[in-house]
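S.K.: Contents are mmCIF, C-alpha atoms; file name run09.cif:
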```
data_work
loop_
_atom_site.group_PDB
_atom_site.id
_atom_site.type_symbol
_atom_site.label_atom_id
_atom_site.label_comp_id
_atom_site.auth_asym_id
_atom_site.auth_seq_id
_atom_site.Cartn_x
_atom_site.Cartn_y
_atom_site.Cartn_z
ATOM 1 C CA MET A 1 8.307 54.851 -122.368
ATOM 2 C CA THR A 2 11.362 52.625 -122.704
ATOM 3 C CA ASP A 3 15.067 53.296 -122.940
ATOM 4 C CA ASP A 4 15.300 51.542 -126.299
ATOM 5 C CA TRP A 5 17.507 53.271 -128.836
ATOM 6 C CA CYS A 6 15.786 54.365 -132.043
ATOM 7 C CA GLY A 7 16.044 56.936 -134.793
ATOM 8 C CA TRP A 8 15.039 60.532 -134.153
ATOM 9 C CA ARG A 9 12.044 60.293 -136.485
ATOM 10 C CA GLU A 10 10.431 57.463 -134.539
ATOM 11 C CA ALA A 11 11.308 58.993 -131.177
ATOM 12 C CA THR A 12 9.943 62.417 -132.129
ATOM 13 C CA ARG A 13 6.707 61.005 -133.529
ATOM 14 C CA THR A 14 5.929 59.299 -130.236
ATOM 15 C CA ALA A 15 7.132 62.213 -128.081
ATOM 16 C CA LEU A 16 5.019 64.797 -129.902
ATOM 17 C CA TYR A 17 1.983 62.904 -131.197
ATOM 18 C CA GLY A 18 1.723 59.696 -129.173
ATOM 19 C CA GLU A 19 -1.100 59.082 -126.747
ATOM 20 C CA ASP A 20 0.566 61.234 -124.074
ATOM 21 C CA GLY A 21 2.536 63.344 -126.530
ATOM 22 C CA PHE A 22 3.544 66.946 -126.082
ATOM 23 C CA TYR A 23 1.104 68.276 -128.703
ATOM 24 C CA ARG A 24 -1.863 66.557 -127.096
ATOM 25 C CA ARG A 25 -1.492 68.608 -123.907
ATOM 26 C CA PRO A 26 -4.448 70.897 -123.084
ATOM 27 C CA GLU A 27 -2.367 74.107 -122.986
ATOM 28 C CA GLY A 28 -1.381 73.719 -126.638
ATOM 29 C CA PRO A 29 1.656 75.271 -128.317
ATOM 30 C CA ALA A 30 0.835 78.741 -126.965
ATOM 31 C CA GLY A 31 1.622 77.464 -123.490
ATOM 32 C CA HIS A 32 5.249 76.906 -124.472
ATOM 33 C CA PHE A 33 6.319 79.240 -127.267
ATOM 34 C CA ARG A 34 5.235 82.346 -129.133
ATOM 35 C CA THR A 35 4.615 82.158 -132.866
ATOM 36 C CA SER A 36 3.730 85.032 -135.200
ATOM 37 C CA VAL A 37 0.073 84.197 -134.572
ATOM 38 C CA HIS A 38 0.483 84.793 -130.846
ATOM 39 C CA ALA A 39 2.753 87.828 -131.278
ATOM 40 C CA SER A 40 0.174 90.066 -132.928
ATOM 41 C CA GLY A 41 -3.302 90.114 -134.440
ATOM 42 C CA LEU A 42 -1.676 91.848 -137.411
ATOM 43 C CA PHE A 43 -0.535 88.419 -138.605
ATOM 44 C CA ALA A 44 -4.101 87.073 -138.784
ATOM 45 C CA SER A 45 -5.209 90.283 -140.492
ATOM 46 C CA ALA A 46 -2.484 89.799 -143.116
ATOM 47 C CA VAL A 47 -3.633 86.211 -143.709
ATOM 48 C CA ALA A 48 -7.201 87.529 -144.048
ATOM 49 C CA ARG A 49 -6.010 89.891 -146.798
ATOM 50 C CA LEU A 50 -4.160 87.049 -148.480
ATOM 51 C CA LEU A 51 -7.326 84.943 -148.373
ATOM 52 C CA THR A 52 -9.346 87.794 -149.873
ATOM 53 C CA ARG A 53 -6.817 88.168 -152.716
ATOM 54 C CA THR A 54 -6.979 84.420 -153.315
ATOM 55 C CA ALA A 55 -10.768 84.554 -153.542
ATOM 56 C CA LEU A 56 -10.517 87.392 -156.086
ATOM 57 C CA GLU A 57 -8.010 85.421 -158.150
ATOM 58 C CA LEU A 58 -10.353 82.438 -158.117
ATOM 59 C CA GLY A 59 -13.332 84.633 -158.999
ATOM 60 C CA THR A 60 -15.407 83.379 -156.082
ATOM 61 C CA ASP A 61 -17.125 84.874 -153.047
ATOM 62 C CA THR A 62 -16.938 81.598 -151.085
ATOM 63 C CA VAL A 63 -13.475 80.314 -150.301
ATOM 64 C CA ASP A 64 -11.784 77.637 -148.183
ATOM 65 C CA LEU A 65 -9.243 78.457 -145.496
ATOM 66 C CA VAL A 66 -7.305 75.450 -144.181
ATOM 67 C CA ASP A 67 -4.917 75.890 -141.235
ATOM 68 C CA VAL A 68 -2.540 72.913 -141.084
ATOM 69 C CA GLY A 69 -1.108 72.384 -137.612
ATOM 70 C CA ALA A 70 -3.782 74.650 -136.184
ATOM 71 C CA GLY A 71 -2.729 74.596 -132.529
ATOM 72 C CA ARG A 72 -5.893 75.559 -130.710
ATOM 73 C CA GLY A 73 -7.412 77.472 -133.621
ATOM 74 C CA GLU A 74 -5.862 80.853 -132.803
ATOM 75 C CA LEU A 75 -5.045 81.799 -136.416
ATOM 76 C CA LEU A 76 -8.444 80.826 -137.795
ATOM 77 C CA THR A 77 -10.189 82.669 -134.974
ATOM 78 C CA GLY A 78 -8.189 85.804 -135.770
ATOM 79 C CA VAL A 79 -8.748 85.587 -139.519
ATOM 80 C CA LEU A 80 -12.506 85.143 -139.158
ATOM 81 C CA ALA A 81 -12.668 88.090 -136.759
ATOM 82 C CA ALA A 82 -10.714 90.266 -139.202
ATOM 83 C CA LEU A 83 -12.972 89.324 -142.106
ATOM 84 C CA ARG A 84 -16.150 90.022 -140.134
ATOM 85 C CA ALA A 85 -14.990 93.618 -139.775
ATOM 86 C CA VAL A 86 -14.590 94.033 -143.556
ATOM 87 C CA PRO A 87 -17.572 94.877 -145.798
ATOM 88 C CA ASP A 88 -18.032 92.501 -148.751
ATOM 89 C CA ALA A 89 -15.479 90.024 -147.363
ATOM 90 C CA PRO A 90 -15.694 86.550 -148.905
ATOM 91 C CA SER A 91 -17.642 83.812 -147.180
ATOM 92 C CA VAL A 92 -15.198 81.366 -145.609
ATOM 93 C CA ARG A 93 -15.275 77.637 -145.016
ATOM 94 C CA ALA A 94 -12.680 77.306 -142.244
ATOM 95 C CA TYR A 95 -10.901 74.042 -141.485
ATOM 96 C CA ALA A 96 -8.484 73.392 -138.622
ATOM 97 C CA VAL A 97 -6.227 70.370 -139.222
ATOM 98 C CA GLU A 98 -4.806 69.261 -135.880
ATOM 99 C CA LEU A 99 -4.296 65.975 -133.980
ATOM 100 C CA ALA A 100 -5.260 67.428 -130.596
ATOM 101 C CA PRO A 101 -8.946 67.429 -129.554
ATOM 102 C CA ARG A 102 -11.173 70.334 -130.559
ATOM 103 C CA PRO A 103 -11.044 73.168 -127.991
ATOM 104 C CA PRO A 104 -14.415 73.466 -126.235
ATOM 105 C CA ALA A 105 -14.901 77.217 -126.822
ATOM 106 C CA LEU A 106 -13.803 77.268 -130.479
ATOM 107 C CA ASP A 107 -15.891 79.249 -132.986
ATOM 108 C CA PRO A 108 -18.572 76.831 -134.299
ATOM 109 C CA ASP A 109 -17.877 78.063 -137.839
ATOM 110 C CA ILE A 110 -14.494 76.288 -137.712
ATOM 111 C CA GLU A 111 -14.511 72.629 -138.731
ATOM 112 C CA TRP A 112 -12.008 70.569 -136.726
ATOM 113 C CA SER A 113 -10.353 67.593 -138.387
ATOM 114 C CA HIS A 114 -7.363 65.287 -138.010
ATOM 115 C CA ALA A 115 -6.906 65.135 -141.796
ATOM 116 C CA LEU A 116 -6.786 67.506 -144.745
ATOM 117 C CA PRO A 117 -10.031 68.145 -146.619
ATOM 118 C CA PRO A 118 -9.944 66.251 -149.936
ATOM 119 C CA ARG A 119 -10.318 69.278 -152.252
ATOM 120 C CA VAL A 120 -9.376 72.787 -151.162
ATOM 121 C CA HIS A 121 -10.529 75.811 -153.171
ATOM 122 C CA GLY A 122 -8.814 78.745 -151.532
ATOM 123 C CA LEU A 123 -5.904 79.131 -149.120
ATOM 124 C CA LEU A 124 -4.037 76.360 -147.337
ATOM 125 C CA PHE A 125 -1.814 77.906 -144.662
ATOM 126 C CA ALA A 126 0.756 76.010 -142.585
ATOM 127 C CA ASN A 127 2.401 78.202 -139.958
ATOM 128 C CA GLU A 128 5.205 76.418 -138.082
ATOM 129 C CA TRP A 129 3.882 73.001 -139.076
ATOM 130 C CA LEU A 130 6.695 71.518 -141.144
ATOM 131 C CA ASP A 131 9.311 72.032 -138.410
ATOM 132 C CA ASN A 132 7.349 69.552 -136.299
ATOM 133 C CA VAL A 133 7.091 66.867 -138.980
ATOM 134 C CA PRO A 134 9.425 64.231 -137.481
ATOM 135 C CA LEU A 135 12.642 63.413 -139.317
ATOM 136 C CA ASP A 136 15.797 61.399 -138.905
ATOM 137 C CA VAL A 137 19.200 62.899 -138.173
ATOM 138 C CA ALA A 138 22.448 61.860 -139.854
ATOM 139 C CA GLU A 139 26.037 62.411 -138.760
ATOM 140 C CA ALA A 140 29.244 61.737 -140.687
ATOM 141 C CA ASP A 141 31.428 59.197 -138.931
ATOM 142 C CA GLY A 142 35.219 59.272 -138.755
ATOM 143 C CA ASP A 143 35.428 58.113 -142.371
ATOM 144 C CA GLY A 144 32.931 60.707 -143.546
ATOM 145 C CA VAL A 145 30.122 58.142 -144.000
ATOM 146 C CA PRO A 146 26.683 59.543 -143.028
ATOM 147 C CA ARG A 147 25.075 57.364 -140.363
ATOM 148 C CA TYR A 148 21.707 57.588 -138.676
ATOM 149 C CA VAL A 149 21.864 59.150 -135.224
ATOM 150 C CA LEU A 150 20.104 56.981 -132.643
ATOM 151 C CA VAL A 151 18.615 58.529 -129.512
ATOM 152 C CA ARG A 152 17.638 57.189 -126.105
ATOM 153 C CA ARG A 153 14.128 58.377 -125.379
ATOM 154 C CA SER A 154 14.524 58.852 -121.632
ATOM 155 C CA ASP A 155 17.408 61.336 -121.625
ATOM 156 C CA GLY A 156 18.261 62.292 -125.231
ATOM 157 C CA ALA A 157 21.642 60.533 -125.244
ATOM 158 C CA GLU A 158 22.850 59.732 -128.767
ATOM 159 C CA ARG A 159 25.010 57.245 -130.627
ATOM 160 C CA LEU A 160 25.636 56.436 -134.281
ATOM 161 C CA GLY A 161 23.709 53.679 -136.024
ATOM 162 C CA ASP A 162 23.752 52.186 -139.515
ATOM 163 C CA PRO A 163 24.878 54.046 -142.633
ATOM 164 C CA VAL A 164 22.176 56.089 -144.347
ATOM 165 C CA THR A 165 20.942 54.324 -147.492
ATOM 166 C CA GLY A 166 18.178 54.411 -150.080
ATOM 167 C CA ALA A 167 15.908 57.435 -150.496
ATOM 168 C CA ASP A 168 17.351 59.100 -147.400
ATOM 169 C CA ALA A 169 20.879 58.862 -148.820
ATOM 170 C CA GLU A 170 19.680 60.318 -152.121
ATOM 171 C CA TRP A 171 18.035 63.210 -150.268
ATOM 172 C CA LEU A 172 21.227 63.935 -148.338
ATOM 173 C CA GLU A 173 23.348 63.865 -151.466
ATOM 174 C CA ARG A 174 21.078 66.366 -153.202
ATOM 175 C CA TRP A 175 20.145 68.680 -150.363
ATOM 176 C CA TRP A 176 22.474 68.418 -147.375
ATOM 177 C CA PRO A 177 25.602 66.253 -147.713
ATOM 178 C CA PRO A 178 27.658 66.292 -144.466
ATOM 179 C CA ALA A 179 31.095 67.355 -145.640
ATOM 180 C CA ARG A 180 33.387 66.374 -142.744
ATOM 181 C CA PRO A 181 33.420 63.880 -139.850
ATOM 182 C CA GLY A 182 31.139 65.044 -137.057
ATOM 183 C CA GLU A 183 28.944 67.221 -139.267
ATOM 184 C CA ARG A 184 25.206 66.571 -139.024
ATOM 185 C CA ALA A 185 22.191 66.914 -141.248
ATOM 186 C CA GLU A 186 18.464 66.593 -140.680
ATOM 187 C CA ILE A 187 16.945 64.395 -143.395
ATOM 188 C CA GLY A 188 14.005 66.464 -144.610
ATOM 189 C CA ARG A 189 12.455 63.895 -146.929
ATOM 190 C CA PRO A 190 9.364 63.320 -144.691
ATOM 191 C CA ARG A 191 8.707 67.063 -144.762
ATOM 192 C CA ASP A 192 8.968 67.202 -148.542
ATOM 193 C CA GLU A 193 6.428 64.398 -148.728
ATOM 194 C CA ALA A 194 4.111 66.024 -146.171
ATOM 195 C CA TRP A 195 4.199 69.314 -148.056
ATOM 196 C CA ALA A 196 3.563 67.581 -151.400
ATOM 197 C CA ARG A 197 0.478 65.881 -149.914
ATOM 198 C CA ALA A 198 -0.792 69.210 -148.609
ATOM 199 C CA VAL A 199 -0.329 70.919 -151.979
ATOM 200 C CA GLU A 200 -1.999 67.990 -153.723
ATOM 201 C CA ALA A 201 -5.151 68.689 -151.692
ATOM 202 C CA VAL A 202 -5.424 72.198 -153.190
ATOM 203 C CA ALA A 203 -7.599 71.996 -156.292
ATOM 204 C CA GLY A 204 -7.281 75.723 -156.871
ATOM 205 C CA GLY A 205 -5.800 78.637 -154.969
ATOM 206 C CA LEU A 206 -2.678 79.080 -152.861
ATOM 207 C CA ALA A 207 -0.650 76.932 -150.455
ATOM 208 C CA VAL A 208 1.683 78.663 -148.011
ATOM 209 C CA ALA A 209 4.191 77.228 -145.538
ATOM 210 C CA VAL A 210 5.813 79.545 -142.988
ATOM 211 C CA ASP A 211 8.678 78.299 -140.856
ATOM 212 C CA TYR A 212 12.185 78.497 -139.479
ATOM 213 C CA ALA A 213 14.124 77.704 -142.637
ATOM 214 C CA HIS A 214 17.451 77.378 -144.417
ATOM 215 C CA VAL A 215 18.501 76.654 -147.990
ATOM 216 C CA ARG A 216 21.330 74.721 -149.582
ATOM 217 C CA GLY A 217 24.537 76.705 -149.404
ATOM 218 C CA ALA A 218 23.604 78.023 -145.975
ATOM 219 C CA ARG A 219 22.875 74.845 -144.022
ATOM 220 C CA PRO A 220 24.134 74.821 -140.426
ATOM 221 C CA PRO A 221 26.965 72.249 -140.273
ATOM 222 C CA PHE A 222 25.749 70.678 -137.034
ATOM 223 C CA GLY A 223 22.010 70.890 -137.623
ATOM 224 C CA THR A 224 19.275 72.729 -135.742
ATOM 225 C CA LEU A 225 17.598 70.032 -133.642
ATOM 226 C CA THR A 226 16.424 71.510 -130.337
ATOM 227 C CA GLY A 227 13.651 71.522 -127.765
ATOM 228 C CA PHE A 228 11.296 74.118 -126.276
ATOM 229 C CA ARG A 229 9.336 74.115 -123.055
ATOM 230 C CA ALA A 230 7.573 76.924 -121.163
ATOM 231 C CA GLY A 231 9.095 79.630 -123.357
ATOM 232 C CA ARG A 232 12.682 78.384 -123.064
ATOM 233 C CA GLU A 233 15.004 76.479 -125.363
ATOM 234 C CA VAL A 234 15.909 73.159 -123.751
ATOM 235 C CA PRO A 235 17.818 70.005 -124.789
ATOM 236 C CA PRO A 236 15.730 67.915 -127.238
ATOM 237 C CA VAL A 237 14.797 64.961 -125.046
ATOM 238 C CA PRO A 238 12.094 62.897 -126.821
ATOM 239 C CA ASP A 239 10.210 61.857 -123.676
ATOM 240 C CA GLY A 240 7.093 63.975 -124.282
ATOM 241 C CA SER A 241 8.146 66.715 -121.869
ATOM 242 C CA CYS A 242 9.093 69.295 -124.531
ATOM 243 C CA ASP A 243 8.656 70.284 -128.137
ATOM 244 C CA VAL A 244 11.240 68.697 -130.458
ATOM 245 C CA THR A 245 11.868 70.742 -133.570
ATOM 246 C CA ALA A 246 14.351 71.431 -136.349
ATOM 247 C CA HIS A 247 14.496 74.116 -139.034
ATOM 248 C CA VAL A 248 13.062 73.278 -142.448
ATOM 249 C CA ALA A 249 15.011 72.798 -145.687
ATOM 250 C CA LEU A 250 12.354 74.858 -147.413
ATOM 251 C CA ASP A 251 14.054 74.760 -150.824
ATOM 252 C CA ALA A 252 13.755 70.972 -150.792
ATOM 253 C CA CYS A 253 10.053 71.247 -149.946
ATOM 254 C CA ALA A 254 9.632 73.654 -152.855
ATOM 255 C CA ALA A 255 11.287 71.205 -155.231
ATOM 256 C CA ALA A 256 8.923 68.448 -154.056
ATOM 257 C CA THR A 257 6.057 70.220 -155.821
ATOM 258 C CA ALA A 258 8.021 71.188 -158.949
ATOM 259 C CA GLY A 259 5.726 71.117 -161.943
ATOM 260 C CA THR A 260 2.660 71.798 -159.807
ATOM 261 C CA GLY A 261 0.646 74.901 -160.617
ATOM 262 C CA ASP A 262 2.637 78.063 -161.292
ATOM 263 C CA GLY A 263 5.753 76.891 -159.448
ATOM 264 C CA ALA A 264 6.963 77.605 -155.948
ATOM 265 C CA GLU A 265 8.209 80.926 -154.609
ATOM 266 C CA LEU A 266 10.539 81.389 -151.628
ATOM 267 C CA LEU A 267 10.761 84.666 -149.716
ATOM 268 C CA ASP A 268 11.210 85.857 -146.157
ATOM 269 C CA GLN A 269 8.405 86.896 -143.812
ATOM 270 C CA ARG A 270 9.539 90.496 -143.804
ATOM 271 C CA THR A 271 8.912 90.732 -147.560
ATOM 272 C CA ALA A 272 5.725 88.670 -147.512
ATOM 273 C CA LEU A 273 4.062 90.698 -144.756
ATOM 274 C CA ARG A 274 5.046 94.027 -146.269
ATOM 275 C CA GLU A 275 3.301 92.908 -149.453
ATOM 276 C CA LEU A 276 0.221 92.378 -147.270
ATOM 277 C CA GLY A 277 0.375 95.819 -145.692
ATOM 278 C CA VAL A 278 2.238 95.041 -142.468
ATOM 279 C CA SER A 279 4.913 97.668 -141.892
ATOM 280 C CA GLY A 280 6.901 98.619 -138.819
ATOM 281 C CA GLU A 281 7.096 102.290 -139.775
ATOM 282 C CA ARG A 282 6.275 104.657 -136.926
ATOM 283 C CA PRO A 283 3.367 107.099 -137.401
ATOM 284 C CA PRO A 284 4.338 110.752 -138.039
ATOM 285 C CA LEU A 285 4.996 112.639 -134.810
ATOM 286 C CA ALA A 286 2.617 115.426 -135.881
ATOM 287 C CA ARG A 287 -0.263 113.018 -135.383
ATOM 288 C CA ALA A 288 0.497 112.899 -131.654
ATOM 289 C CA SER A 289 -0.937 116.387 -131.127
ATOM 290 C CA ALA A 290 -3.710 116.191 -133.732
ATOM 291 C CA ASP A 291 -4.979 112.735 -132.692
ATOM 292 C CA PRO A 292 -3.288 111.533 -129.473
ATOM 293 C CA ALA A 293 -5.366 108.369 -129.077
ATOM 294 C CA GLY A 294 -4.946 107.450 -132.746
ATOM 295 C CA TYR A 295 -1.210 108.087 -132.491
ATOM 296 C CA VAL A 296 -0.878 105.728 -129.517
ATOM 297 C CA ARG A 297 -2.817 103.009 -131.362
ATOM 298 C CA ALA A 298 -0.717 103.475 -134.503
ATOM 299 C CA LEU A 299 2.475 103.400 -132.464
ATOM 300 C CA ALA A 300 1.453 100.129 -130.794
ATOM 301 C CA SER A 301 0.565 98.638 -134.184
ATOM 302 C CA ALA A 302 3.932 99.715 -135.599
ATOM 303 C CA GLY A 303 5.687 98.023 -132.688
ATOM 304 C CA GLU A 304 3.836 94.759 -133.306
ATOM 305 C CA ALA A 305 4.550 94.987 -137.039
ATOM 306 C CA ALA A 306 8.222 95.597 -136.309
ATOM 307 C CA GLU A 307 8.372 92.380 -134.261
ATOM 308 C CA LEU A 308 6.730 90.378 -137.040
ATOM 309 C CA THR A 309 9.190 91.704 -139.631
ATOM 310 C CA ALA A 310 12.359 92.039 -137.540
ATOM 311 C CA ARG A 311 15.719 90.943 -138.912
ATOM 312 C CA GLY A 312 17.208 88.225 -136.766
ATOM 313 C CA GLY A 313 13.723 87.316 -135.548
ATOM 314 C CA LEU A 314 10.312 86.531 -137.012
ATOM 315 C CA GLY A 315 11.032 88.551 -140.139
ATOM 316 C CA ASP A 316 13.659 85.989 -141.157
ATOM 317 C CA PHE A 317 11.154 83.137 -141.263
ATOM 318 C CA GLY A 318 10.802 81.544 -144.671
ATOM 319 C CA TRP A 319 7.587 81.651 -146.683
ATOM 320 C CA LEU A 320 6.989 79.047 -149.366
ATOM 321 C CA ARG A 321 4.124 80.023 -151.681
ATOM 322 C CA GLN A 322 2.665 77.637 -154.246
ATOM 323 C CA ARG A 323 -0.137 78.756 -156.578
ATOM 324 C CA ILE A 324 -2.418 76.149 -158.085
ATOM 325 C CA ARG A 325 -4.695 77.092 -160.947
ATOM 326 C CA PRO A 326 -8.084 75.346 -160.856
ATOM 327 C CA ALA A 327 -8.720 72.827 -163.614
ATOM 328 C CA PRO A 328 -10.762 74.277 -166.474
#
```
Mind turning this structure into structure tokens?

M.R.:
Amino acid sequence: MTDDWCGWREATRTALYGEDGFYRRPEGPAGHFRTSVHASGLFASAVARLLTRTALELGTDTVDLVDVGAGRGELLTGVLAALRAVPDAPSVRAYAVELAPRPPALDPDIEWSHALPPRVHGLLFANEWLDNVPLDVAEADGDGVPRYVLVRRSDGAERLGDPVTGADAEWLERWWPPARPGERAEIGRPRDEAWARAVEAVAGGLAVAVDYAHVRGARPPFGTLTGFRAGREVPPVPDGSCDVTAHVALDACAAATAGTGDGAELLDQRTALRELGVSGERPPLARASADPAGYVRALASAGEAAELTARGGLGDFGWLRQRIRPAP
């Protein structure tokens, strides 16, 4: 690690995915923050239902499930467990796409890979993946000119670099133009490209990205770049000691696959999970006397569902859904 100044994209790539990067640590993401996958098994059950619907739409009883940014395989493990409890569930070819090494106790039915499978027939699911695709940060200088923000790897100190030009400047102009001196923007072009590559791998079925998100017209004027470590938000120092993340311009990602399949659909997690049967409604109180144990289980499930769909929390996450019809 050196104290050389560089752009945030380069610094983040090394800090997260380099040889000693944050995401190569043995504890995995679950050791530092809690995603929907870790919050409740109801999330994996909802993805299992979505996979089953996708298989029905494709008219097949054998379907692919690809988890992009798979962590330590928690989502795939939960989905497979949910499907094994369902009669006549589709047969699943499960793929975990992750740079970290394969966990030693992972279900042998899960294939572990550093790259996407070439042709996916089924469901490609990316939960909190795009927010960790490294990107550059821009800030408007005193004249209102967007410039790259340079960062010192050792302590996260920043300074302004060259003006933003080329494809990055075009992206800013379309999706997130800093309006006044001092305003910042995170240049989401690498995420658009990453999402387009993921969708391109789907020969038929559904691609879904779930993430912290914002859309044009509601961009935060000073950006969202931050760090996480051991369950706490911390300054984003790109030295490998913490996660470095920023919310996703999910509308820009959707536009990157315009003309693909049936078009992209944006919605929040609250709506998406309710469509899949996850509701935070409490069970009727009368059940407490008729079936006390069942009432307690239903109450616990309702509490977990409420967390997954809560306003101001996980329920506000964005879902980007892209359907791809198989070629005739």

S.K.: So, counting all atoms listed in the file, which residue among A:Leu160, A:Ala305, A:Ala327, A:Ala264 is closest to Leu276 (chain A)?

M.R.: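 Ranking A:Leu160, A:Ala305, A:Ala327, A:Ala264 by distance to Leu276 (chain A), first place goes to A:Ala305.
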
S.K.: Using the chain letters and numbering of this document, enumerate as a VMD selection string the residues selected by the PyMOL selection byres ((chain A and resi 134) around 9).

M.R.: chain A and resid 8 to 13 16 130 to 133 135 to 136 188 190 to 191 244 to 246

S.K.: Skipping near chain neighbours, those fewer than 5 positions away, what residues fall within 8 Å of Pro178 (chain A) using all atoms listed in the file, listed as a CSV table (one decimal) with C-alpha atoms, in the coordinates of the input?

M.R.:
```csv
chain,number,residue,atom,x,y,z
A,139,GLU,CA,26.0,62.4,-138.8
A,140,ALA,CA,29.2,61.7,-140.7
A,144,GLY,CA,32.9,60.7,-143.5
A,146,PRO,CA,26.7,59.5,-143.0
A,172,LEU,CA,21.2,63.9,-148.3
A,183,GLU,CA,28.9,67.2,-139.3
A,184,ARG,CA,25.2,66.6,-139.0
A,185,ALA,CA,22.2,66.9,-141.2
A,221,PRO,CA,27.0,72.2,-140.3
```

S.K.: Kindly list the centre and edge lengths in Å, rounded to one decimal, for the axis-aligned box that covers all listed atoms of region 227-235 of chain A plus 3 Å on each of its six sides, as lines of an AutoDock Vina configuration file.

M.R.:
```
center_x = 12.7
center_y = 74.8
center_z = -124.5
size_x = 16.2
size_y = 15.6
size_z = 12.6
```

S.K.: Give as a list in words every residue, naming chains and numbers as the document does, that has an atom within 12 Å of (26.4, 75.3, -145.4), counting only C-alpha atoms.

M.R.: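 The residues near that point, listed by chain and number, are Trp175, Trp176, Pro177, Pro178, Ala179, Arg180, Glu183, Arg184, Ala185, His214, Val215, Arg216, Gly217, Ala218, Arg219, Pro220, Pro221, Phe222, Gly223 and Ala249 of chain A.
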
S.K.: Calculated over only C-alpha atoms, which of the candidates A:Gly204, A:Gly315, A:Gly240, A:Pro117 has the smallest distance to Glu57 (chain A)?

M.R.: A:Gly204

S.K.: If you measure from CA of Thr60 (chain A) to CA of Arg325 (chain A), what distance in Å do you get, rounded to one decimal?

M.R.: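 Atom-to-atom, CA of Thr60 (chain A) and CA of Arg325 (chain A) are spaced 13.3 Å apart.
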
S.K.: Measuring atom to atom with only C-alpha atoms, identify which of A:Ala256, A:Ala55, A:Val68, A:Ala105 is nearest to Leu206 (chain A).

M.R.: A:Ala55

S.K.: Tell me which residues come within 12 Å of (-2.3, 66.2, -124.0), as JSON, numbers by chain, counting all atoms listed in the file in the file's coordinates.

M.R.: {"A": [15, 16, 17, 18, 19, 20, 21, 22, 23, 24, 25, 26, 27, 28, 29, 31, 71, 99, 100, 101, 102, 103, 240, 241, 242]}

S.K.: Give me the residues near Thr52 (chain A) as a PyMOL selection string, where near means some atom within 12 Å (using only C-alpha atoms) and where sequence neighbours in that chain fewer than 5 positions away do not count.

M.R.: chain A and resi 45-47+57-65+79-80+82-83+86-92+122-123+205-206+276

S.K.: Applied to this file, what does the PyMOL selection byres ((chain A and resi 321) around 8) return in terms of residues, put as a PDB file with C-alpha atoms, keeping the file's coordinate frame?

M.R.:
```pdb
ATOM      1  CA  LEU A 206      -2.678  79.080-152.861  1.00  0.00           C
ATOM      2  CA  ALA A 207      -0.650  76.932-150.455  1.00  0.00           C
ATOM      3  CA  VAL A 208       1.683  78.663-148.011  1.00  0.00           C
ATOM      4  CA  ALA A 209       4.191  77.228-145.538  1.00  0.00           C
ATOM      5  CA  ALA A 264       6.963  77.605-155.948  1.00  0.00           C
ATOM      6  CA  GLU A 265       8.209  80.926-154.609  1.00  0.00           C
ATOM      7  CA  LEU A 266      10.539  81.389-151.628  1.00  0.00           C
ATOM      8  CA  TRP A 319       7.587  81.651-146.683  1.00  0.00           C
ATOM      9  CA  LEU A 320       6.989  79.047-149.366  1.00  0.00           C
ATOM     10  CA  GLN A 322       2.665  77.637-154.246  1.00  0.00           C
ATOM     11  CA  ARG A 323      -0.137  78.756-156.578  1.00  0.00           C
TER      12      ARG A 323
END
```

S.K.: Go through A:Pro238, A:Gly142, A:Gly161, A:Gly312 one by one, measure the shortest atom-to-atom distance of each to Leu225 (chain A) using all atoms listed in the file, and give the residue with the smallest value.

M.R.: A:Pro238

S.K.: Figure out the distance between CA of Phe43 (chain A) and CA of Asp243 (chain A), please, to one decimal in Å.

M.R.: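 Taking CA of Asp243 (chain A) and CA of Phe43 (chain A), their separation equals 22.9 Å.
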
S.K.: Any chance you could resolve the PyMOL selection byres ((chain A and resi 163-167) around 7) against this file and give the residues as a list in words?

M.R.: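 For this structure, the PyMOL selection byres ((chain A and resi 163-167) around 7) resolves to Val145, Pro146, Arg147, Tyr148, Gly161, Asp162, Asp168, Ala169, Glu170 and Trp171 of chain A.
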
S.K.: Ranking A:Val234, A:Val210, A:Leu273, A:Ala198 by minimum distance to Phe317 (chain A) and counting all atoms listed in the file, which one comes first?

M.R.: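 Of A:Val234, A:Val210, A:Leu273, A:Ala198, the one nearest Phe317 (chain A) is A:Val210, counting all atoms listed in the file.
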
S.K.: Using CA of Ala272 (chain A) and CA of Arg49 (chain A) as the two end points, give the distance in Å to one decimal.

M.R.: 11.8 Å

S.K.: From the list A:Ser40, A:Gly156, A:Gly182, A:His247, which residue is nearest Glu307 (chain A) when using all atoms listed in the file?

M.R.: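 Residue with the minimum atom-to-atom distance to Glu307 (chain A): A:Ser40.
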